[in-house]
Amino acid sequence: MHHRLQEIVIMGTCLTMSKKKRKRYGGAAQGNRRPLDGSHEEPMPLPNPMVGFNLPNDRLRSVTRRLPQQAIGPPFFYYENVALAPKGVWATISRFLYDIEPEFVDSKHLCAAARKRGYIHNLPIENRFPLLPLPPKTIFEAFPHYKKWWPSWDPRRQLNCLQTSMSSAKLTERIQCALASSGNPPPKSVQKYVMDECRKWNLVWVGKNKVAHLEPDEVEYLLGFPRDHTRGVGKTERFKSLGNSFQVDTVAYHLSVLKDMYPNGVNVLSLFTGIGGGEVALHRLGIHMRTVVSVEIGEVNRRILRGWWDQTQTGTLIEIADVKSLTDDRIATFVRRFGGFDLVIGGSPCNNLAGSNRHHRDGLEGEQSALFYHYFRIVDAVKSAMGRM
DNA sequence: CCGAGGATGAGCGTACCT
DNA sequence: AGGTACGCTCATCCTCGG
C-alpha cells in the first residue's frame, strides 16, 4: 500500500518533469529524423551496424560526443536495457536520463553470441580498452569440439541472443527423428525445419543428427563470467539469471575508462545487480571496489553475488533487496558515509519490454519495467546528495 | 503415503527491424 | 516477406524429507 503511494508520487514527478524536458539529446546526429507520425513520441532509430560509439581495435572511427550539461557527473552512471523495446521507450528513458543519447551495441561484435542492448551513460568514450584475452567471436572458436558434428548446411557462425529459458529434450528427439528418416543432405524442407528450431533455441550439434541446448557453463563463458559463477542453484534458475545478465566484455569495454581515473578503487551503487555482471566487469578490469551497495530482489542472485564476492574481493558489500526501500534519506546517509559514489550502474527489468513476452509486454509502465523510474530517482538522489558534499 | 518445491514441456502473438 | 526477441503460464511429472 505504502509502496503504491510512493510510486504514484514518483511517477507524477517524472511525468511533470518530462513535459518540461522537451529538448532532444544533442551530440552527433544519428541518421535522419522522420516526421512525427501522429504519435507524441520521437523516433529513436537503431544504428546499423549496431556497434555503439566505437569498438575495440577500430581506430578508423573516432566518435566524439558532447554531453548535455545536466548529464555531467559526479556520479558516473551506466544504464542498460534491451535495444528492441517498444516504440518510444528509449526516447523516454533518454529524456529522463538527462537527454543523453543511448549507445546501442550488439555484443555479437565482441563475442560469439548476439545481444542487442542500449546503454545510457555519462562516461568518457575515448581511450577505451577491451578485456584480455579477447573472447572468441565465432561458435567454433568458442567450442571447437562442435565442428565434428556440424553439418555443412548449417551456416551459423554465431549464436542468437542468450535468453532465459531453454529448449526441451523432446525437441532434440524430434529433430533427430526427422534427420534419421531423411537422406544426407536432408531435403530443403527438413533443413528449414531444423534450422528454424536451431536458431530459435540456440541449438548446437553434439552428435550425429543430434542437437542440444547450451549448458550453463557454456552460457557463463559466452557472457564473460568466470566458470561456475552461478553454480550451486538449480539449472533452470541458472539459465534465468544468466539470460538476464550483462555481457561482461561489452560492459567492461565501456567501463574501462574508469581504470586510470580511480587507481585507489571505486565506490559503486549497483541497482538490479542480478548475478553481478557489472562487478565482474570491474574486477576483470582490475578496478578495485572499495564498497558496493547492491540492490537485488532475487534471493538466489544475492547468494551468487555474495559467494563470488567473498571469494574474490576484499572490499565491503552491502546487499539490499528492494529498490523501493532505498529511500533518498538512506542514499544521503550512504553518500556521507562513503564520501560519495563513483559509479551508479544497473539494468532495470526488461520483461515488459522484451519481444519474447506474449503476456505482459506492457512497455515502460509495465509492473517490473516501471522500476526504471527508481533507477532515475536514485541516480538523481545521488547526484543531489553529492552536490551538497 | 503425503505434500512442497523443482524440473519439464507445450503453447502462447506481436512489434519492429532488415 | 522474413526473421528475431534479458518471457509467462499452466499442467504434469519427479524428487525428496517427513
# chains A, B, ... in the order shown; residues from 1 in each chain; ligands from 1

call {"tool": "interface_residues", "arguments": {"of": "chain B", "to": "chain A", "cutoff": "9 Å", "atoms": "only C-alpha atoms (C1' of nucleotides)", "output": "list of chain:residue names"}}
result
B:DG6, B:DA7, B:DT8, B:DG9, B:DC12, B:DG13, B:DT14, B:DA15, B:DC16, B:DC17

call {"tool": "interface_residues", "arguments": {"of": "chain A", "to": "chain C", "cutoff": "9 Å", "atoms": "only C-alpha atoms (C1' of nucleotides)", "output": "list of chain:residue names"}}
result
A:Asn81, A:Val82, A:Leu84, A:Arg115, A:Asn160, A:Cys161, A:Leu162, A:Gln163, A:Thr164, A:Ser165, A:Lys200, A:Lys240, A:Ser241, A:Leu242, A:Gly243, A:Asn244, A:Ser245, A:Phe246, A:Pro349, A:Cys350, A:Asn351, A:Asn352, A:Ala354, A:Gly355, A:Ser356, A:Asn357, A:Arg358, A:His359, A:His360

call {"tool": "write_last_selection", "arguments": {"atoms": "C-alpha atoms", "output": "short mmCIF file (atom, residue, chain, number, x, y, z; two decimals), in the first residue's frame"}}
result
data_model
loop_
_atom_site.label_atom_id
_atom_site.label_comp_id
_atom_site.auth_asym_id
_atom_site.auth_seq_id
_atom_site.Cartn_x
_atom_site.Cartn_y
_atom_site.Cartn_z
CA ASN A 81 18.26 -2.38 -21.24
CA VAL A 82 17.13 -4.27 -24.33
CA LEU A 84 14.43 -3.68 -29.22
CA ARG A 115 22.90 -9.36 -27.55
CA ASN A 160 21.49 -15.72 -31.28
CA CYS A 161 20.62 -13.92 -28.09
CA LEU A 162 21.08 -16.00 -24.94
CA GLN A 163 17.67 -15.98 -23.31
CA THR A 164 16.27 -17.14 -20.01
CA SER A 165 14.75 -20.48 -20.96
CA LYS A 200 15.05 -20.17 -32.24
CA LYS A 240 17.18 -17.46 -15.96
CA SER A 241 19.80 -15.46 -14.09
CA LEU A 242 22.33 -15.73 -16.91
CA GLY A 243 19.77 -14.82 -19.55
CA ASN A 244 19.02 -11.65 -17.62
CA SER A 245 22.61 -10.56 -17.19
CA PHE A 246 25.17 -8.34 -18.86
CA PRO A 349 13.87 -5.10 -15.67
CA CYS A 350 13.22 -5.81 -19.32
CA ASN A 351 10.45 -8.33 -19.07
CA ASN A 352 7.70 -5.89 -20.02
CA ALA A 354 11.18 -7.91 -24.36
CA GLY A 355 9.75 -9.34 -27.53
CA SER A 356 9.50 -12.86 -26.15
CA ASN A 357 6.92 -11.82 -23.62
CA ARG A 358 3.48 -12.67 -25.00
CA HIS A 359 1.57 -11.90 -21.86
CA HIS A 360 2.69 -8.62 -20.38
#

call {"tool": "atom_distance", "arguments": {"atom1": "atom CA of A:Thr64", "atom2": "atom CA of A:Arg117"}}
result
20.4 Å

call {"tool": "select_by_dssp", "arguments": {"residues": "stretch 85-169 of chain A", "states": "helix (DSSP H, G or I)", "output": "list in words"}}
result
Val89, Trp90, Ala91, Thr92, Ile93, Ser94, Arg95, Phe96, Ser107, Lys108, His109, Ile139, Phe140, Glu141, Ala142, Pro144, His145, Tyr146, Lys147, Lys148, Trp149 and Ala169 of chain A

call {"tool": "atom_distance", "arguments": {"atom1": "atom CA of A:His109", "atom2": "atom CA of A:Gly265"}}
result
29.1 Å

call {"tool": "select_by_dssp", "arguments": {"residues": "stretch 104-281 of chain A", "states": "strand (DSSP E)", "output": "number ranges by chain"}}
result
A: 104-106, 116-121, 204-207, 210-212, 266-271

call {"tool": "atom_distance", "arguments": {"atom1": "atom CA of A:Asp99", "atom2": "atom CA of A:Gln368"}}
result
22.9 Å

call {"tool": "decode", "arguments": {"residues": "stretch 155-167 of chain A", "atoms": "N, CA, C and O atoms", "output": "compact mmCIF listing (two decimals), in the first residue's frame"}}
result
# COMPACT_ATOMS: atom_id res chain seq x y z
N PRO A 155 24.66 -22.87 -41.68
CA PRO A 155 25.60 -21.79 -41.96
C PRO A 155 25.94 -20.93 -40.75
O PRO A 155 26.72 -19.97 -40.86
N ARG A 156 25.40 -21.22 -39.58
CA ARG A 156 25.59 -20.32 -38.43
C ARG A 156 27.05 -20.30 -37.99
O ARG A 156 27.70 -21.34 -37.88
N ARG A 157 27.55 -19.11 -37.73
CA ARG A 157 28.88 -18.96 -37.17
C ARG A 157 28.83 -18.26 -35.82
O ARG A 157 29.81 -18.21 -35.09
N GLN A 158 27.66 -17.67 -35.51
CA GLN A 158 27.45 -17.07 -34.19
C GLN A 158 26.09 -17.49 -33.65
O GLN A 158 25.22 -17.93 -34.41
N LEU A 159 25.92 -17.34 -32.36
CA LEU A 159 24.66 -17.71 -31.73
C LEU A 159 23.73 -16.50 -31.63
O LEU A 159 24.18 -15.36 -31.65
N ASN A 160 22.45 -16.79 -31.54
CA ASN A 160 21.49 -15.72 -31.28
C ASN A 160 21.52 -15.34 -29.81
O ASN A 160 22.30 -15.87 -29.04
N CYS A 161 20.64 -14.43 -29.46
CA CYS A 161 20.62 -13.92 -28.09
C CYS A 161 20.42 -15.05 -27.07
O CYS A 161 19.57 -15.91 -27.24
N LEU A 162 21.21 -15.02 -26.02
CA LEU A 162 21.08 -16.00 -24.94
C LEU A 162 19.93 -15.57 -24.06
O LEU A 162 19.99 -14.54 -23.40
N GLN A 163 18.87 -16.36 -24.03
CA GLN A 163 17.67 -15.98 -23.31
C GLN A 163 17.55 -16.74 -21.99
O GLN A 163 18.50 -17.39 -21.56
N THR A 164 16.39 -16.64 -21.38
CA THR A 164 16.27 -17.14 -20.01
C THR A 164 15.76 -18.57 -19.93
O THR A 164 15.82 -19.18 -18.86
N SER A 165 15.22 -19.10 -21.03
CA SER A 165 14.75 -20.48 -20.96
C SER A 165 15.30 -21.29 -22.12
O SER A 165 15.69 -20.74 -23.16
N MET A 166 15.32 -22.57 -21.94
CA MET A 166 15.97 -23.47 -22.90
C MET A 166 14.97 -24.40 -23.56
O MET A 166 13.86 -24.60 -23.07
N SER A 167 15.40 -25.02 -24.64
CA SER A 167 14.52 -25.95 -25.35
C SER A 167 14.37 -27.25 -24.57
O SER A 167 15.14 -27.54 -23.65
